[in-house]
Structure formats: structure tokens, C-alpha cells
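Worksheet: one structure, shown below.
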Number of protein chains: 2
Amino acid sequence: MRAITVGEPGGPENLRWTEVEDPKAGPGEVVLDVAATAVNRADLLQRQGNYPPPPGASDVIGLECSGRIAEVGPEVTGWSAGDEVCALLAGGGYAQKVAVPAAQLLPVPQGVDLVVAGSLPEVACTVYSNVVQFAQLRGGQTFLVHGGSSGIGTHAIQVAKALGARVAVTANPARFDVCRELGADIVIDYDGDVPEELKKATDGHGADVILDNMGAKGLKANVAALATDGRLMVIGMQGGVKAELNLGALLTKRASVTAMSLRGRPVDGPQGKAAVVEGVRDRIWPLVADGRVKPVVHARFPLAEAAEAHRTLDAGGVVGKLLLVNE
Amino acid sequence: MRAITVGEPGGPENLRWTEVEDPKAGPGEVVLDVAATAVNRADLLQRQGNYPPPPGASDVIGLECSGRIAEVGPEVTGWSAGDEVCALLAGGGYAQKVAVPAAQLLPVPQGVDLVVAGSLPEVACTVYSNVVQFAQLRGGQTFLVHGGSSGIGTHAIQVAKALGARVAVTANPARFDVCRELGADIVIDYDGDVPEELKKATDGHGADVILDNMGAKGLKANVAALATDGRLMVIGMQGGVKAELNLGALLTKRASVTAMSLRGRPVDGPQGKAAVVEGVRDRIWPLVADGRVKPVVHARFPLAEAAEAHRTLDAGGVVGKLLLVNE
């Protein structure tokens, strides 16, 4: 088969469409014929050599895909060759075939095209595991997501709205409208005074749950923006890793700061990928099936042209996800 | 009635045993004839002017007590004059009488003396709300409590042990034995390399839940000591308020930092005092009744001599709680 491989860590030009060995389905795994994969910001870091795959994972980039089951390994039940699925991957998505634990498979949600389904697993599992499973966002609460027009943002707005939350986003003002169309009640310029603007818009309440991709740079403002009993979920470090934390401010609010990623999780266990995938299937897929949560795809590229998709994400202004289609 | 009042904020000598007005039972409240109250570190801060009571609370020091119900206010059901109880207070415990919302009352646990019961509500509600309710410590997990011989520490060791956890403490080596007698499996010198010692003693696992009273000073070591999916609960700031947080270290572990206090909580709501008290009654009181969790009282003082008790806590070396008895 062919896959995108990285020659030397570096820029998009280092991505090559090359012949590699086919994956095999180990115990509990299936092999998929990939229909599409999608670009995540973590892929850019991996290309640069800054996000090595966890032990045992493929060294091919790609954290999600859709496709058809080509081979079913031993000890797999409930799935058959030919099934159309999408999957959360620890790696290997930028390829014509990929092996994945069956526990990380999801059916293609009703009403969603097989190719488009390749854009859903990573955002759905990230938003579900952080916002629903861990932070337990409930109806009537206020939710703030940074980067409202990003892949995560466009999905999180819709999920939070479907849960009955009041949804606030930060975004570039040029993309306020798209955030509002997806359901955002409050839009805030990400260069502005976010805690102040959020408090103005919520009668001083602040955010019960914040989903943050900036890390250090946003920590102080995020703690300031939290409501009493608020939960800050950090899923990215685009603004650095280390920052001063005011524990007194946290204590006054009985608030928490949590940082989580999906990729390094084991398959099993209460925090494992299988539990996340099961939750997505039970709680999020019905929202996709009834149209309350729509996949948001900015553009499609042939998988062989992944480099161009990486340049597009780097350039900024992408609304939702970039699909890589195995044509 | 008489109560301990603070003249000018300052040292223990500023505590006075003075005549003040009797409290009245408002709607949903009872008035107790106080049998005993107990000293908490927060009381010392309040005496110094550094921990003002929340709005609406008594300005008399004292976060817990035991006693008999003297008066039942309107809208109170399930309690009668003469009932022997103990109570979580927002203030007012250092007095002959105190008014308290009925939702913050607990029965005196079976087998515990009425006076001794005055030492239980604050530690029981703090440990329950942080370790059981929020951090959800489970059997087989590893629990680390700092200051194992303190009031909180002596109670937390026993509760965690009863939950089936492996219990680690930091303490002064002079008090290792008492921590072991209470159930600690692992004792670590609080001046040592705590993460390193804990990892050595747990085959590299670390702590699933940490209960910390030091705040800033311990933050880095606590994050280092956390296990994957670990929860750091900060309930005190004896080592300062602000410290650098490495979000990358947190993310690698999918870990969280939470800071909470009881005093400022509302009575009602999912995080309110009533829910905490109900949880203590259901989950902790049976452990006290069957002897698995014993009150640990270091010394008793007449309530009028609260100043001497404050000096004793300040001097260090106290194991468990100091009772103030209304003689």
C-alpha cells in the first residue's frame, strides 16, 4: 500500500507519498481500507518531530479515519468485512490501509457520507471525553471554547448547544458569524479581555466549563473566566507549557485545571479509548444522526497531497476540518 | 451567652471570653447548646484577620461543633429539641450557643462521645468532599495525604484505608509511628524527595489522589508524584498561593489540579454543604460507627481558654484535633 511518510522532521515538503508494508490485523484488531482521514494540529507537530507516536503505534501520521473493514483479526466480535466505519487511531491514518483495535471503531453516523465521517472521530472523542465525560457539562451551564471556528470548536459548539448549555466562543472576528450559525450565543474576540467580556455577557457568572487549546498563554485568563465550581480542560499547548497558577483564585472558586490527551490512553480501563468511543456512540452519534451536530469540513485534498493540507492549516482561517481522501 | 471574640486581629492573646447576644434560629435553622468545638488551622488565620467569614456567617470563630438542639426554627423537619448532634458551621462555633442550618447537622455517630463528636464534622466533610465525592478515590488506588498526623491527615488515612486504598503520608519522622498505627502503608519524610520516595514505594505508580495543604510550595512535587489520571486536591495554602504549573506534565498524565474549600459553599446545590453532609452521613458515619475510623483528639481545653489551644496548634506536633469544651 501507499502512505504518507516523513523523511526528515520538518516542513510540509518533507511529507512523501511512498510504498510501505501493508498492516496486519492483530488480536482484537481490524484492518480498514481507508476512505478518508483528516488533519489535526497534532499531525503538524508530529511532522516536525515534536509529537512522537506512543509505544506500539504506527509511525505514520493520522489520528482518525473512515473506511471499510478489509480484514477482521482474531477475537473480534460484532464487526464484519465490508462494514463502513470510522475510527479513532493512535496513528497510521495517512495511509491506504490501517490496523485499529475494534474497540476504537464507530459506525458511520446515520445520514453522514463515508468520506465525511473521516473528519469526526477525533473531534467527537476529544469533546466528549473532556466536556461530557470528565467535566460533565450540563444543560443551563455556560461553556467556553477557544478557537470556535476550529475543528474542535465547530464540533464543541454544536455538542454543548445540544446538551442545553449556553455557548461562548473566542474567535477571530472575521469568523464570528460562522460560530453564531453553529449555535454560539456569545462571541468574543480572542485578542480582547476574554474574562471581562464573558462576565459582561453572563451577568458575572463566567464559564462552568472551558475547553482550551492554548495552554500556558491562556491559563491566567481562563482561571479568571471560570465560574464557581468551574472546570478548565486544557487539550493543547499552542501558547506554551508552563505558567503561573494562582491556587488562591482556584480555591475561591472551588475550580479545577485538567490537561488531557486521547492519544496516549490505553484501549481499556475507565479512562481508556474504548470507554470514550462507547460514550461517543451512545451520547454523540444520536445528535449527529438527528442533525443537531453536523460535520464541518473546510476543504478536501487527495491523501497524496497531504502537504498542501498541512500548509492550509498552518496558514490559518480554516473553519472546521480538512479531509484527506484516499482517491 | 458567652463566646470567644477577637479584639484586634493578631495573636492568641487577642481572643477574649466575652458576653454576646444569643443567636436565634431562622427559617431552616436550629440553635445548639454547644458541647464542644474544635480548632482548625483556618481559625488561626481568621484570628489574624486573614480569613474573613463569608457573607451572612457569624463573625465568631469556629467551623464545627457538637451539642444539643435547644431551639428548632421554622421549616425544620426531622430534628427535635434535645437531640444530640454535631454540625458543620460557616462560623460561630467558639460560643455557648450557635445557629446552624438543619441541613448541616449530623447525628452523633454511634459509639462516639458527644464532646468528642465536636472534632469530627470539619475533617469528615473536608475529606469526604475532596477525596470521595470529587476525586472519587477507589479501592486499590494509591492515596497520598500531606501532614499525616494532622487533624485532616489522621482522619484521611483511616477513611482511605477503609475505602481499600493504599495509603501514603508525608510527616515528621517523629510521627511516622502514629501514622502507621492509623493505617498508613507508606510514610515519607516531608523534607525528603516526596515524588521519588513515593514512586520507589509504589513501583513507579505514584498517587491517584493527593490531598494537599501546602499549595504553591508543593505544587511541582505534587504534579510529579501524581499517577496517570491522578487528581491533586489542594485544600490549604500554608506554602503560598502562586506557583508555576507545568501543563505539559499534567497533560502527559491526564491529571488535574483542583482547589476547594467548604466554608464558602452555599447550603444547597450539587456542591453545597447539604450534599456534603448527606454524603458524610451515608458513607463516613458507618465507618466511624464500626470503629474503622476513630476520632483522634490530641488534647482538650476549656472553651474559655481557646488562646492556649491556638498556641498549642501553632507550636506544632499536634496529632489529630484540639477540642474546646464548653464546660
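Residue names in the C-alpha cells use chain letters A, B, ... in the order shown, residue numbers from 1 in each chain, and ligand numbers from 1 in the order shown.
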Residues flagged helix (DSSP H, G or I) by DSSP in region 22-171 of chain A, as a PyMOL selection string: chain A and resi 41-47+102-104+116-119+121-134+151-162
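For chain A, the residues having at least one atom no farther than 7 Å from chain B, when counting only C-alpha atoms, are Gly215, Val241, Lys242, Ala243, Glu244, Leu245, Asn246, Leu247, Gly248, Leu250, Leu251, Arg254, Ala255, Ser256, Val257, Thr258, Ala259, Met260 and Ser261 of chain A.
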Name all residues at most 7 Å from Asp83 (chain A) (count only C-alpha atoms; drop same-chain ones fewer than 2 positions away) and give them as a ChimeraX atom specification. /A:68-69,79-81,85
Per DSSP on the backbone, filter region 98-131 of chain B down to the residues in strand (DSSP E) and report them as a PyMOL selection string. chain B and resi 98-101+105-107
I need the residues from that last selection saved to file as a PDB file, in the first residue's frame (with N, CA, C and O atoms), if you can.
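As written to disk, again31.pdb reads:
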ATOM      1  N   VAL B  98     -24.995  28.268  69.138  1.00  0.00           N
ATOM      2  CA  VAL B  98     -24.755  28.623  67.740  1.00  0.00           C
ATOM      3  C   VAL B  98     -25.993  28.275  66.916  1.00  0.00           C
ATOM      4  O   VAL B  98     -26.667  27.270  67.181  1.00  0.00           O
ATOM      5  N   ALA B  99     -26.291  29.127  65.929  1.00  0.00           N
ATOM      6  CA  ALA B  99     -27.382  28.840  64.979  1.00  0.00           C
ATOM      7  C   ALA B  99     -26.779  28.203  63.737  1.00  0.00           C
ATOM      8  O   ALA B  99     -25.738  28.652  63.247  1.00  0.00           O
ATOM      9  N   VAL B 100     -27.437  27.162  63.233  1.00  0.00           N
ATOM     10  CA  VAL B 100     -26.886  26.446  62.079  1.00  0.00           C
ATOM     11  C   VAL B 100     -28.029  25.910  61.215  1.00  0.00           C
ATOM     12  O   VAL B 100     -29.066  25.468  61.743  1.00  0.00           O
ATOM     13  N   PRO B 101     -27.891  25.971  59.881  1.00  0.00           N
ATOM     14  CA  PRO B 101     -28.902  25.348  59.017  1.00  0.00           C
ATOM     15  C   PRO B 101     -29.047  23.864  59.358  1.00  0.00           C
ATOM     16  O   PRO B 101     -28.040  23.158  59.522  1.00  0.00           O
ATOM     17  N   LEU B 105     -26.526  19.585  59.972  1.00  0.00           N
ATOM     18  CA  LEU B 105     -26.476  18.755  61.178  1.00  0.00           C
ATOM     19  C   LEU B 105     -26.175  17.303  60.832  1.00  0.00           C
ATOM     20  O   LEU B 105     -26.631  16.779  59.817  1.00  0.00           O
ATOM     21  N   LEU B 106     -25.449  16.676  61.715  1.00  0.00           N
ATOM     22  CA  LEU B 106     -25.203  15.237  61.623  1.00  0.00           C
ATOM     23  C   LEU B 106     -25.540  14.626  62.971  1.00  0.00           C
ATOM     24  O   LEU B 106     -25.294  15.236  64.012  1.00  0.00           O
ATOM     25  N   PRO B 107     -26.070  13.404  62.972  1.00  0.00           N
ATOM     26  CA  PRO B 107     -26.235  12.742  64.266  1.00  0.00           C
ATOM     27  C   PRO B 107     -24.851  12.464  64.860  1.00  0.00           C
ATOM     28  O   PRO B 107     -23.871  12.378  64.124  1.00  0.00           O
TER      29      PRO B 107
END
Calculate how many Å separate CA of Val123 (chain A) from CA of Asp189 (chain A), rounding to one decimal. 22.7 Å
Would you mind reading off the distance between CA of Ala227 (chain B) and CA of Ala207 (chain B), one decimal, in Å? 5.0 Å
I want to know what sits within 12 Å of Gly82 (chain B), based on only C-alpha atoms, with residues of the same chain fewer than 5 positions away left out; could you give that as a ChimeraX atom specification? /B:30-34,67-72,107
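Closest approach to Asp185 (chain B) from the set B:Pro23, B:Gly148, B:Pro12, B:Gly28 is made by B:Gly148, with distances taken over only C-alpha atoms.
Distance check against Val39 (chain B) using only C-alpha atoms: of B:Pro74, B:Gly204, B:Pro55, B:Gly151, the minimum falls on B:Gly151.
Neighbours of Cys179 (chain B) closer than or equal to 10 Å, with only C-alpha atoms counted and sequence neighbours fewer than 4 positions away skipped, come out as Gly147, Gly148, Ser149, Ser150, Gly153, Thr154, Ile157, Gln158, Val167, Ala168, Val169, Thr170, Ala171, Pro173, Arg175, Gly183, Ala184, Asp185, Ile186, Val187 and Val319 of chain B.
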Would you work out the distance separating CA of Leu137 (chain B) from CA of Arg283 (chain A), expressed in Å to one decimal? 25.9 Å
